[in-house]
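Have a look at input.cif; it's mmCIF, C-alpha atoms:
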data_my_file
#
loop_
_atom_site.label_atom_id
_atom_site.label_comp_id
_atom_site.auth_asym_id
_atom_site.auth_seq_id
_atom_site.Cartn_x
_atom_site.Cartn_y
_atom_site.Cartn_z
CA MET X 1 162.47 105.28 88.05
CA LYS X 2 158.92 104.08 88.73
CA LYS X 3 157.47 107.19 87.12
CA ALA X 4 159.57 106.65 84.01
CA GLN X 5 158.42 103.02 83.76
CA THR X 6 154.79 104.12 84.10
CA SER X 7 155.19 106.69 81.32
CA ALA X 8 156.80 104.08 79.11
CA THR X 9 153.91 101.69 79.77
CA TYR X 10 151.36 104.34 78.77
CA PHE X 11 153.31 105.08 75.61
CA ILE X 12 153.46 101.40 74.62
CA VAL X 13 149.74 100.86 75.28
CA GLY X 14 148.85 104.01 73.38
CA PHE X 15 151.00 102.89 70.47
CA MET X 16 149.32 99.44 70.50
CA VAL X 17 145.88 101.03 70.47
CA MET X 18 146.62 103.41 67.61
CA ALA X 19 148.46 100.80 65.56
CA GLY X 20 145.71 98.23 65.98
CA ILE X 21 142.93 100.68 65.24
CA THR X 22 144.72 102.07 62.18
CA CYS X 23 145.06 98.57 60.70
CA MET X 24 141.43 97.67 61.32
CA MET X 25 140.04 100.93 59.98
CA ARG X 26 141.46 100.45 56.49
CA ASP X 27 138.74 100.60 53.89
CA SER X 28 136.33 101.94 56.55
CA SER X 29 134.55 103.91 53.86
CA ALA X 30 133.11 100.70 52.38
CA SER X 31 129.37 100.28 52.63
CA ALA X 32 128.06 98.43 55.69
CA SER X 33 126.21 96.07 53.36
CA THR X 34 129.39 95.11 51.48
CA THR X 35 130.77 91.67 52.28
CA ARG X 36 133.97 92.05 54.26
CA HIS X 37 136.21 89.49 55.88
CA TYR X 38 137.85 90.05 59.23
CA SER X 39 140.38 88.00 61.12
CA GLN X 40 138.74 86.26 64.05
CA ALA X 41 141.94 85.22 65.77
CA LYS X 42 141.35 85.01 69.50
CA LEU X 43 141.82 88.38 71.16
CA THR X 44 144.56 88.48 73.76
CA LEU X 45 144.01 90.15 77.13
CA GLU X 46 146.38 92.93 76.06
CA GLN X 47 144.29 93.58 72.94
CA ARG X 48 141.08 93.64 74.95
CA VAL X 49 142.61 96.11 77.40
CA ALA X 50 143.78 98.31 74.52
CA TYR X 51 140.29 98.34 72.97
CA GLN X 52 138.67 99.05 76.35
CA ARG X 53 141.03 101.95 76.83
CA ALA X 54 139.95 103.34 73.46
CA ILE X 55 136.30 103.12 74.56
CA GLU X 56 137.02 104.79 77.91
CA GLU X 57 138.91 107.55 76.11
CA ILE X 58 135.80 108.42 74.11
CA TYR X 59 133.64 108.53 77.23
CA TRP X 60 136.25 110.70 78.94
CA GLN X 61 136.28 113.18 76.05
CA HIS X 62 132.51 113.61 76.45
CA ARG X 63 132.62 114.03 80.24
CA LEU X 64 131.28 117.32 81.56
CA TRP X 65 133.72 119.49 83.48
CA PRO X 66 132.91 122.47 85.74
CA LYS X 67 132.69 125.62 83.64
CA GLU X 68 134.36 127.62 86.40
CA ASN X 69 137.67 125.87 85.78
CA PRO X 70 137.64 124.24 82.32
CA ASN X 71 141.44 124.21 81.96
CA SER X 72 141.85 121.91 84.96
CA LYS X 73 140.39 118.87 83.18
CA PRO X 74 143.12 116.20 82.93
CA SER X 75 144.26 115.65 79.37
CA LEU X 76 145.25 112.02 79.93
CA LEU X 77 142.72 109.33 80.72
CA GLU X 78 145.30 107.59 82.92
CA GLU X 79 145.14 110.48 85.38
CA ILE X 80 141.61 109.47 86.38
CA MET X 81 141.52 105.81 85.26
CA PRO X 82 144.85 103.98 85.55
CA LEU X 83 145.65 101.20 83.12
CA SER X 84 145.43 98.71 86.01
CA GLU X 85 141.77 99.71 86.55
CA ILE X 86 140.99 99.18 82.87
CA GLN X 87 142.57 95.73 82.92
CA ALA X 88 140.66 94.81 86.10
CA LYS X 89 137.43 95.91 84.43
CA VAL X 90 138.13 93.71 81.38
CA GLU X 91 139.04 90.69 83.52
CA ASP X 92 135.93 91.13 85.66
CA SER X 93 133.70 91.24 82.58
CA LEU X 94 135.26 88.06 81.18
CA ARG X 95 134.72 86.26 84.47
CA LYS X 96 131.05 87.29 84.54
CA SER X 97 130.63 85.89 81.05
CA LYS X 98 132.27 82.64 82.15
CA THR X 99 130.06 82.45 85.26
CA LEU X 100 126.92 82.43 83.13
CA GLU X 101 128.22 79.20 81.61
CA ASP X 102 129.54 77.61 84.82
CA TYR X 103 126.64 78.45 87.18
CA TRP X 104 123.68 78.58 84.82
CA GLN X 105 124.92 76.58 81.80
CA ARG X 106 124.06 79.61 79.66
CA PRO X 107 127.15 80.62 77.69
CA ILE X 108 126.81 83.79 75.64
CA GLY X 109 126.66 82.72 71.99
CA GLY X 110 127.32 84.52 68.74
CA GLU X 111 123.61 84.97 68.05
CA GLN X 112 123.17 86.79 71.36
CA LEU X 113 126.14 89.06 70.72
CA GLN X 114 124.88 89.85 67.22
CA ALA X 115 121.45 90.69 68.66
CA GLU X 116 123.02 92.87 71.37
CA MET X 117 124.94 94.85 68.75
CA GLY X 118 121.71 95.30 66.82
CA ARG X 119 119.89 96.44 69.96
CA MET X 120 122.54 99.05 70.70
CA ALA X 121 122.50 100.33 67.11
CA SER X 122 118.70 100.60 66.96
CA GLN X 123 118.07 101.94 70.46
CA THR X 124 120.99 104.33 70.84
CA GLN X 125 120.10 107.78 72.14
CA GLN X 126 123.50 109.14 71.06
CA PRO X 127 124.22 107.72 67.60
CA GLU X 128 127.17 110.07 67.06
CA VAL X 129 128.92 108.74 70.18
CA LEU X 130 128.19 105.12 69.25
CA ARG X 131 129.78 105.76 65.84
CA GLU X 132 132.89 107.05 67.56
CA ILE X 133 133.05 103.86 69.60
CA PHE X 134 132.56 101.63 66.55
CA GLU X 135 135.31 103.53 64.75
CA ALA X 136 137.62 103.15 67.74
CA LEU X 137 137.04 99.40 67.45
CA GLY X 138 137.94 99.50 63.75
CA ASN X 139 134.31 99.05 62.65
CA ASP X 140 135.08 95.34 63.02
CA PRO X 141 131.87 93.51 64.04
CA TYR X 142 133.91 90.75 65.69
CA VAL X 143 135.77 93.23 67.92
CA ILE X 144 132.56 95.16 68.63
CA ALA X 145 130.84 91.93 69.65
CA GLU X 146 133.64 90.89 72.01
CA CYS X 147 134.69 94.24 73.47
CA LEU X 148 131.42 96.21 73.58
CA ALA X 149 128.44 93.84 73.35
CA ARG X 150 129.78 91.02 75.54
CA PRO X 151 130.55 93.17 78.63
CA ALA X 152 127.13 94.87 78.52
CA LEU X 153 125.25 91.62 77.97
CA ALA X 154 127.17 89.68 80.63
CA GLU X 155 126.55 92.41 83.22
CA ARG X 156 122.83 92.46 82.55
CA LEU X 157 122.31 88.70 82.40
CA ILE X 158 124.33 87.70 85.45
CA ARG X 159 122.68 90.22 87.74
CA ASN X 160 119.21 89.22 86.60
CA ARG X 161 119.91 85.50 87.05
CA TYR X 162 121.48 85.97 90.47
CA ALA X 163 118.64 88.17 91.72
CA TYR X 164 115.99 85.45 91.30
CA ASP X 165 118.00 82.25 91.84
CA GLU X 166 116.82 80.34 94.91
CA ARG X 167 120.14 78.52 95.13
CA PHE X 168 121.47 81.77 96.58
CA HIS X 169 118.34 83.19 98.21
CA GLY X 170 116.39 80.02 99.08
CA LYS X 171 117.45 80.00 102.73
CA LEU X 172 116.28 83.59 103.13
CA LYS X 173 112.98 82.75 101.44
CA ARG X 174 112.40 79.80 103.78
CA GLN X 175 113.13 82.07 106.75
CA ALA X 176 110.56 84.56 105.48
CA GLU X 177 108.00 81.78 105.00
CA ALA X 178 108.67 80.52 108.52
CA ASP X 179 108.14 84.02 109.92
CA LEU X 180 104.87 84.26 108.01
CA SER X 181 103.59 80.88 109.17
CA GLY X 182 100.59 81.24 111.46
CA HIS X 183 100.43 85.04 111.20
CA CYS X 184 97.51 86.88 109.67
CA HIS X 185 98.75 90.39 110.41
CA ILE X 186 102.10 92.10 109.98
CA GLU X 187 102.03 93.66 113.44
CA ALA X 188 102.49 90.21 115.00
CA MET X 189 105.67 89.73 112.94
CA ARG X 190 107.59 92.69 114.35
CA PRO X 191 109.78 90.51 116.61
CA GLY X 192 110.72 88.29 113.62
CA SER X 193 113.85 88.30 111.45
CA GLY X 194 112.42 90.72 108.87
CA LYS X 195 112.62 94.50 108.99
CA TYR X 196 109.32 96.21 109.89
CA THR X 197 108.37 99.67 108.60
CA ALA X 198 105.12 101.63 108.55
CA VAL X 199 104.43 104.59 106.30
CA ARG X 200 101.45 106.95 106.29
CA TRP X 201 100.75 108.53 102.89
CA VAL X 202 98.80 111.79 102.60
CA ARG X 203 97.14 112.92 99.37
CA GLN X 204 97.88 116.61 98.74
CA GLN X 205 98.37 118.96 95.80
CA THR X 206 102.00 119.55 96.68
CA ALA X 207 104.76 117.02 97.19
CA GLU X 208 106.26 118.10 100.49
CA TYR X 209 107.92 115.54 102.71
CA ARG X 210 107.89 115.08 106.47
CA SER X 211 109.58 112.44 108.54
CA ALA X 212 109.98 111.82 112.25
CA PRO X 213 113.72 111.19 112.82
CA GLY X 214 114.55 107.99 114.62
CA ARG X 215 111.06 106.49 114.36
CA CYS X 216 109.93 103.45 112.36
CA GLU X 217 106.81 105.23 111.14
CA SER X 218 106.97 108.23 108.80
CA GLU X 219 104.50 110.40 106.92
CA ILE X 220 104.89 111.33 103.27
CA GLU X 221 102.80 113.83 101.34
CA LEU X 222 102.12 113.04 97.68
CA ASN X 223 100.83 115.07 94.76
CA ARG X 224 98.15 113.67 92.45
CA GLU X 225 100.50 111.85 90.09
CA GLU X 226 102.51 110.28 92.91
CA TRP X 227 99.33 109.26 94.73
CA ASN X 228 97.89 107.55 91.66
CA ALA X 229 101.13 105.68 90.98
CA LEU X 230 101.26 104.52 94.61
CA VAL X 231 97.66 103.30 94.64
CA LYS X 232 98.12 101.32 91.42
CA LYS X 233 101.22 99.66 92.83
CA LEU X 234 99.49 98.84 96.12
CA LYS X 235 96.55 97.27 94.29
CA ARG X 236 98.93 94.84 92.63
CA GLU X 237 100.92 94.11 95.77
CA LEU X 238 97.99 93.70 98.15
CA THR X 239 95.97 91.30 96.01
CA ILE X 240 96.64 87.81 94.69
CA GLU X 241 97.05 89.09 91.14
CA PRO X 242 100.53 88.48 89.64
CA ALA X 243 102.72 91.56 89.82
CA GLU X 244 103.81 93.23 86.60
CA SER X 245 107.39 92.89 85.44
CA PRO X 246 109.76 95.73 86.49
CA VAL X 247 109.76 97.01 82.89
CA GLU X 248 105.97 97.12 82.61
CA GLU X 249 105.64 98.65 86.06
CA SER X 250 108.08 101.42 85.19
CA ARG X 251 106.28 102.08 81.90
CA THR X 252 102.96 102.29 83.76
CA ALA X 253 104.40 104.70 86.30
CA ARG X 254 105.44 107.05 83.50
CA GLN X 255 101.93 107.34 82.06
CA PRO X 256 100.11 110.58 82.98
CA GLN X 257 97.32 109.96 85.48
CA GLN X 258 94.22 112.12 85.16
CA ALA X 259 91.51 110.73 87.44
CA GLU X 260 92.24 110.18 91.10
CA GLU X 261 92.93 106.52 91.85
CA GLN X 262 91.08 104.81 94.69
CA ILE X 263 92.30 101.80 96.63
CA GLY X 264 89.18 99.94 95.43
CA PRO X 265 88.36 96.42 96.63
CA VAL X 266 91.49 95.99 98.75
CA ARG X 267 90.42 95.87 102.39
CA ALA X 268 92.37 97.09 105.40
CA GLY X 269 93.80 94.35 107.57
CA GLU X 270 94.57 91.96 104.73
CA MET X 271 98.18 90.89 104.32
CA SER X 272 99.67 90.31 100.88
CA ARG X 273 101.34 87.13 99.70
CA LEU X 274 105.13 86.84 99.98
CA GLN X 275 106.65 88.75 97.05
CA GLU X 276 110.13 89.49 95.79
CA ASP X 277 112.05 91.93 93.65
CA GLU X 278 115.73 92.20 92.74
CA GLU X 279 116.76 93.16 96.27
CA LYS X 280 114.36 91.60 98.77
CA TYR X 281 111.43 89.39 99.78
CA TYR X 282 108.55 91.28 101.37
CA VAL X 283 104.92 91.32 102.52
CA LYS X 284 102.63 94.31 102.92
CA GLU X 285 99.43 95.09 104.77
CA LEU X 286 97.01 97.98 104.37
CA ILE X 287 96.37 99.31 107.87
CA THR X 288 93.99 102.19 107.14
CA ALA X 289 92.67 103.79 103.94
CA ASP X 290 90.38 106.62 102.83
CA ARG X 291 90.35 109.15 100.00
CA LYS X 292 93.17 111.22 101.49
CA HIS X 293 95.18 108.84 103.65
CA LEU X 294 96.84 105.45 103.37
CA LYS X 295 98.83 103.65 106.03
CA VAL X 296 100.86 100.66 104.89
CA ALA X 297 103.06 98.33 106.95
CA THR X 298 105.84 96.27 105.37
CA VAL X 299 108.13 93.50 106.53
CA GLU X 300 111.11 92.80 104.27
CA TRP X 301 113.98 90.35 104.15
CA ARG X 302 116.96 91.74 102.23
CA LYS X 303 118.83 89.48 99.81
CA GLU X 304 122.60 89.39 99.80
CA PRO X 305 123.74 92.10 97.36
CA PHE X 306 125.22 90.86 94.10
CA ASP X 307 128.50 92.67 94.71
CA SER X 308 129.28 90.89 98.00
CA TRP X 309 128.40 87.50 96.47
CA TRP X 310 130.49 88.25 93.39
CA GLU X 311 133.49 89.29 95.47
CA ARG X 312 133.49 85.85 97.09
CA VAL X 313 133.13 83.73 93.96
CA ARG X 314 135.02 85.67 91.29
CA GLN X 315 138.53 84.87 92.50
CA GLY X 316 138.34 81.19 91.59
CA LEU X 317 136.83 81.71 88.15
CA GLY X 318 138.56 81.52 84.79
CA GLU X 319 137.96 83.72 81.78
CA THR X 320 135.39 83.02 79.09
CA GLU X 321 136.18 81.48 75.74
CA GLU X 322 135.21 83.48 72.68
CA THR X 323 132.42 82.25 70.45
CA ALA X 324 134.26 80.49 67.62
CA GLY X 325 133.13 80.31 64.04
CA TYR X 326 130.29 82.83 64.17
CA ASP X 327 130.09 85.15 61.16
CA TYR X 328 129.28 88.54 62.68
CA LYS X 329 127.55 91.09 60.47
CA HIS X 330 127.70 94.84 60.43
CA VAL X 331 124.82 96.64 62.13
CA GLU X 332 123.52 99.98 60.95
CA ILE X 333 123.44 102.71 63.57
CA ARG X 334 120.29 104.79 63.45
CA SER X 335 120.95 108.18 61.91
CA VAL X 336 119.30 110.22 64.68
CA ALA X 337 118.43 109.68 68.32
CA VAL X 338 114.96 108.42 69.23
CA THR X 339 112.71 111.47 69.40
CA THR X 340 109.31 109.81 69.94
CA ASN X 341 108.65 107.73 73.03
CA PRO X 342 112.29 106.95 73.84
CA ASP X 343 112.43 103.82 75.95
CA PRO X 344 115.73 103.31 77.82
CA LEU X 345 114.04 100.44 79.68
CA ALA X 346 114.10 98.28 76.55
CA ALA X 347 117.41 96.97 77.84
CA THR X 348 116.12 95.46 81.09
CA PRO X 349 116.93 97.78 84.02
CA ILE X 350 118.89 96.33 86.93
CA LEU X 351 117.17 98.35 89.66
CA SER X 352 113.82 97.95 91.36
CA GLY X 353 111.35 100.80 90.80
CA ARG X 354 111.73 103.89 92.99
CA PHE X 355 111.15 107.62 93.29
CA ARG X 356 112.68 110.54 95.21
CA HIS X 357 116.10 109.35 94.08
CA THR X 358 118.72 111.58 92.48
CA ALA X 359 120.02 111.60 88.92
CA VAL X 360 123.13 113.38 87.64
CA TRP X 361 124.37 113.71 84.06
CA THR X 362 128.10 113.23 83.47
CA GLY X 363 128.18 114.01 79.76
CA SER X 364 128.33 110.32 78.86
CA GLU X 365 126.10 108.66 81.48
CA MET X 366 123.16 109.32 83.78
CA ILE X 367 123.80 108.08 87.32
CA ILE X 368 120.74 107.24 89.43
CA TRP X 369 121.14 106.59 93.14
CA GLY X 370 119.08 106.09 96.30
CA GLY X 371 115.38 106.81 96.65
CA THR X 372 112.42 104.81 97.92
CA ASP X 373 109.56 102.68 96.51
CA ASN X 374 106.81 103.09 99.10
CA SER X 375 108.37 101.37 102.06
CA THR X 376 112.06 100.69 101.43
CA LEU X 377 114.89 103.21 101.37
CA TYR X 378 117.66 102.27 98.92
CA ASN X 379 121.42 102.80 98.80
CA THR X 380 121.74 101.23 95.37
CA GLY X 381 122.03 102.87 91.98
CA ALA X 382 122.76 102.41 88.31
CA ARG X 383 124.37 104.19 85.38
CA TYR X 384 122.49 104.54 82.10
CA ASN X 385 124.67 104.88 78.99
CA PRO X 386 122.56 106.47 76.23
CA SER X 387 125.04 105.69 73.44
CA THR X 388 124.59 101.93 73.93
CA SER X 389 121.23 102.17 75.79
CA SER X 390 122.68 99.98 78.54
CA TRP X 391 122.58 99.91 82.34
CA THR X 392 125.46 99.22 84.73
CA ALA X 393 124.98 98.94 88.50
CA THR X 394 126.89 101.22 90.85
CA SER X 395 129.03 99.44 93.42
CA THR X 396 127.43 98.43 96.73
CA THR X 397 130.75 97.78 98.49
CA GLY X 398 133.06 100.14 100.31
CA ALA X 399 132.03 103.50 101.76
CA VAL X 400 128.50 103.45 100.31
CA PRO X 401 126.21 106.00 102.02
CA SER X 402 123.34 104.65 104.10
CA PRO X 403 119.96 104.09 102.36
CA ARG X 404 118.14 107.38 101.89
CA ALA X 405 115.74 109.49 99.86
CA LEU X 406 115.37 113.23 99.20
CA HIS X 407 119.14 113.67 99.34
CA THR X 408 121.17 115.85 96.98
CA ALA X 409 123.73 114.80 94.40
CA VAL X 410 126.07 116.86 92.21
CA TRP X 411 128.56 116.02 89.46
CA THR X 412 132.10 117.42 89.81
CA GLY X 413 133.66 116.19 86.56
CA THR X 414 135.12 113.02 88.08
CA GLU X 415 132.75 112.12 90.93
CA MET X 416 129.13 112.19 92.02
CA ILE X 417 128.87 113.61 95.54
CA VAL X 418 125.83 112.51 97.58
CA TRP X 419 124.86 114.37 100.75
CA GLY X 420 122.07 114.56 103.31
CA GLY X 421 118.51 113.36 102.86
CA ASP X 422 116.34 111.15 105.01
CA ASP X 423 117.79 107.80 106.10
CA PRO X 424 116.52 105.14 108.56
CA GLY X 425 117.95 107.12 111.46
CA GLY X 426 116.24 110.38 110.55
CA PHE X 427 117.84 113.32 108.76
CA ALA X 428 121.28 112.30 107.46
CA SER X 429 124.37 114.47 107.93
CA THR X 430 126.59 112.10 105.97
CA GLY X 431 127.45 111.50 102.33
CA GLY X 432 129.71 109.77 99.86
CA ARG X 433 131.71 110.31 96.67
CA TYR X 434 131.15 107.91 93.78
CA ASN X 435 133.75 107.57 91.01
CA PRO X 436 132.20 105.95 87.89
CA SER X 437 135.62 105.40 86.30
CA THR X 438 136.65 103.02 89.07
CA ASN X 439 133.11 102.10 90.24
CA SER X 440 134.11 102.90 93.82
CA TRP X 441 132.93 104.96 96.80
CA THR X 442 134.83 107.24 99.19
CA ALA X 443 133.25 108.56 102.36
CA THR X 444 132.83 112.31 102.71
CA SER X 445 134.43 113.74 105.81
CA THR X 446 132.12 114.76 108.65
CA THR X 447 134.85 116.69 110.48
CA GLY X 448 133.75 120.27 110.90
CA ALA X 449 130.46 119.61 109.06
#

Please express what this file holds, its structure, as structure tokens.
Amino acid sequence: MKKAQTSATYFIVGFMVMAGITCMMRDSSASASTTRHYSQAKLTLEQRVAYQRAIEEIYWQHRLWPKENPNSKPSLLEEIMPLSEIQAKVEDSLRKSKTLEDYWQRPIGGEQLQAEMGRMASQTQQPEVLREIFEALGNDPYVIAECLARPALAERLIRNRYAYDERFHGKLKRQAEADLSGHCHIEAMRPGSGKYTAVRWVRQQTAEYRSAPGRCESEIELNREEWNALVKKLKRELTIEPAESPVEESRTARQPQQAEEQIGPVRAGEMSRLQEDEEKYYVKELITADRKHLKVATVEWRKEPFDSWWERVRQGLGETEETAGYDYKHVEIRSVAVTTNPDPLAATPILSGRFRHTAVWTGSEMIIWGGTDNSTLYNTGARYNPSTSSWTATSTTGAVPSPRALHTAVWTGTEMIVWGGDDPGGFASTGGRYNPSTNSWTATSTTGA
């Protein structure tokens, strides 16, 4: 009986989607510049869920599936993403939009949604996929604004505001400042509340990696490009000069480096000021330095992850109100993907800079996970959607693998499987399975491994 009810539910939702899309796509051949009038009646939750399902269906059709068994790919989206998951995703997005208004008094307005649609249309790396999405939303700028632009914008804005808001991280910052008080060297802070690490970097022509399992000090060999990027970053962190924004830093790191960088005027034994990024507060100290070796010590204080904070506050939040009375305009999707200097960082990334991470391609998204900067190992990640040129963070709750670098990751068609690598305990013999459809982790079994 339950199975029959479920099938009936899928049929009804599918019928709602097709009926709604058919109505809205009438006269879709009209020019984008032609004045058109759309109903802006408030979208119901059921309508939003139906539109989100249509979007997810397009992503699912573009998902890569193992060539060894192509006929095993599920034909129905509901087999890998139940309707309940889609509804939960819509409700979560609406609550994030509402939180921007309640916590930061920054409601998302029509102008912002119009600009976000324009950004997607001009920066898309997959214009053909974005057209499919627009068509699935009836080419209605109002629906596109509410069901595509709002979720992406709310996700980006709320994570950025939370990451640097001292209302949530002020106590941690004061603890870090108290630990720093009266200390001139990091070594004296090892008994404090922060986490101490020391890394020795070796300048070589090859990029091999060595680590001593179970120890707090490791040695990493870098090639010329990695060495130059590290030295530039250390120069900024170990002096009183303001650090570059994450976007600028990432752009700098991508530039080819020809001449060998030197540590320059930074002297060993000098501790940096207290700094922060999206995930932590930290200080660094250059212990030793010459043309081929650098030893850097770091003490860091980790911020509470967004996901754990959000899990606590989201339950008591209502859903956002739509922006009333705004006359949304059509946006023109670029005819071809960006072929010169593509910049996916134009939409602010939601991860701190890193290397020796993994990246897998699903057919509709690139999933980045793990890695290190030059002191911290990460167990965070993000998904880059080239059709909308937008980032979404991977979950940090559940069976998330321990922080690590130099691990492996593969795409199975429905999950990214992470295994091995170097974690704080040494060489890892653990892993995890990440499902982007449900944004959830499942531990890999270690029985018989």

Might you spell out which residues the PyMOL selection byres ((chain X and resi 360) around 10) would select in the displayed file, as a ChimeraX atom specification? /X:358-359,361-363,365-369,383,408-411,416-417

If you apply the PyMOL selection byres ((chain X and resi 146) around 12) to this file, what residues do you get, as a PyMOL selection string? chain X and resi 40-45+47-49+51-52+90+93-94+97+108-110+112-114+116-117+137+140-145+147-154+320-324+326+328

Any chance you could export the current selection's C-alpha atoms as a PDB file, in the frame of the given file?
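What ended up in result.pdb:
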ATOM      1  CA  GLN X  40     138.740  86.260  64.050  1.00  0.00           C
ATOM      2  CA  ALA X  41     141.940  85.220  65.770  1.00  0.00           C
ATOM      3  CA  LYS X  42     141.350  85.010  69.500  1.00  0.00           C
ATOM      4  CA  LEU X  43     141.820  88.380  71.160  1.00  0.00           C
ATOM      5  CA  THR X  44     144.560  88.480  73.760  1.00  0.00           C
ATOM      6  CA  LEU X  45     144.010  90.150  77.130  1.00  0.00           C
ATOM      7  CA  GLN X  47     144.290  93.580  72.940  1.00  0.00           C
ATOM      8  CA  ARG X  48     141.080  93.640  74.950  1.00  0.00           C
ATOM      9  CA  VAL X  49     142.610  96.110  77.400  1.00  0.00           C
ATOM     10  CA  TYR X  51     140.290  98.340  72.970  1.00  0.00           C
ATOM     11  CA  GLN X  52     138.670  99.050  76.350  1.00  0.00           C
ATOM     12  CA  VAL X  90     138.130  93.710  81.380  1.00  0.00           C
ATOM     13  CA  SER X  93     133.700  91.240  82.580  1.00  0.00           C
ATOM     14  CA  LEU X  94     135.260  88.060  81.180  1.00  0.00           C
ATOM     15  CA  SER X  97     130.630  85.890  81.050  1.00  0.00           C
ATOM     16  CA  ILE X 108     126.810  83.790  75.640  1.00  0.00           C
ATOM     17  CA  GLY X 109     126.660  82.720  71.990  1.00  0.00           C
ATOM     18  CA  GLY X 110     127.320  84.520  68.740  1.00  0.00           C
ATOM     19  CA  GLN X 112     123.170  86.790  71.360  1.00  0.00           C
ATOM     20  CA  LEU X 113     126.140  89.060  70.720  1.00  0.00           C
ATOM     21  CA  GLN X 114     124.880  89.850  67.220  1.00  0.00           C
ATOM     22  CA  GLU X 116     123.020  92.870  71.370  1.00  0.00           C
ATOM     23  CA  MET X 117     124.940  94.850  68.750  1.00  0.00           C
ATOM     24  CA  LEU X 137     137.040  99.400  67.450  1.00  0.00           C
ATOM     25  CA  ASP X 140     135.080  95.340  63.020  1.00  0.00           C
ATOM     26  CA  PRO X 141     131.870  93.510  64.040  1.00  0.00           C
ATOM     27  CA  TYR X 142     133.910  90.750  65.690  1.00  0.00           C
ATOM     28  CA  VAL X 143     135.770  93.230  67.920  1.00  0.00           C
ATOM     29  CA  ILE X 144     132.560  95.160  68.630  1.00  0.00           C
ATOM     30  CA  ALA X 145     130.840  91.930  69.650  1.00  0.00           C
ATOM     31  CA  CYS X 147     134.690  94.240  73.470  1.00  0.00           C
ATOM     32  CA  LEU X 148     131.420  96.210  73.580  1.00  0.00           C
ATOM     33  CA  ALA X 149     128.440  93.840  73.350  1.00  0.00           C
ATOM     34  CA  ARG X 150     129.780  91.020  75.540  1.00  0.00           C
ATOM     35  CA  PRO X 151     130.550  93.170  78.630  1.00  0.00           C
ATOM     36  CA  ALA X 152     127.130  94.870  78.520  1.00  0.00           C
ATOM     37  CA  LEU X 153     125.250  91.620  77.970  1.00  0.00           C
ATOM     38  CA  ALA X 154     127.170  89.680  80.630  1.00  0.00           C
ATOM     39  CA  THR X 320     135.390  83.020  79.090  1.00  0.00           C
ATOM     40  CA  GLU X 321     136.180  81.480  75.740  1.00  0.00           C
ATOM     41  CA  GLU X 322     135.210  83.480  72.680  1.00  0.00           C
ATOM     42  CA  THR X 323     132.420  82.250  70.450  1.00  0.00           C
ATOM     43  CA  ALA X 324     134.260  80.490  67.620  1.00  0.00           C
ATOM     44  CA  TYR X 326     130.290  82.830  64.170  1.00  0.00           C
ATOM     45  CA  TYR X 328     129.280  88.540  62.680  1.00  0.00           C
TER      46      TYR X 328
END

One-decimal distance in Å that lies between CA of Gly432 in chain X and CA of Thr444 in chain X: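 Distance reported for this atom pair: 4.9 Å.
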
Atom-to-atom span, CA of Gly118 in chain X and CA of Leu351 in chain X, Å: 23.5 Å

Given only C-alpha atoms, how would the per-residue table for range 345-398 of chain X near range 300-303 of chain X read, listing every residue at most 12 Å away with its closest atom pair and distance in Å to one decimal, sorted by chain and number, as CSV?
residue,atom,partner,partner_atom,distance
X:Ser375,CA,X:Glu300,CA,9.3
X:Thr376,CA,X:Glu300,CA,8.4
X:Leu377,CA,X:Glu300,CA,11.4
X:Tyr378,CA,X:Arg302,CA,11.1

Suppose we keep C-alpha atoms; can you now write the selection as an mmCIF file, in the coordinates of the input?
data_model
loop_
_atom_site.group_PDB
_atom_site.id
_atom_site.type_symbol
_atom_site.label_atom_id
_atom_site.label_comp_id
_atom_site.auth_asym_id
_atom_site.auth_seq_id
_atom_site.Cartn_x
_atom_site.Cartn_y
_atom_site.Cartn_z
ATOM 1 C CA SER X 375 108.370 101.370 102.060
ATOM 2 C CA THR X 376 112.060 100.690 101.430
ATOM 3 C CA LEU X 377 114.890 103.210 101.370
ATOM 4 C CA TYR X 378 117.660 102.270 98.920
#
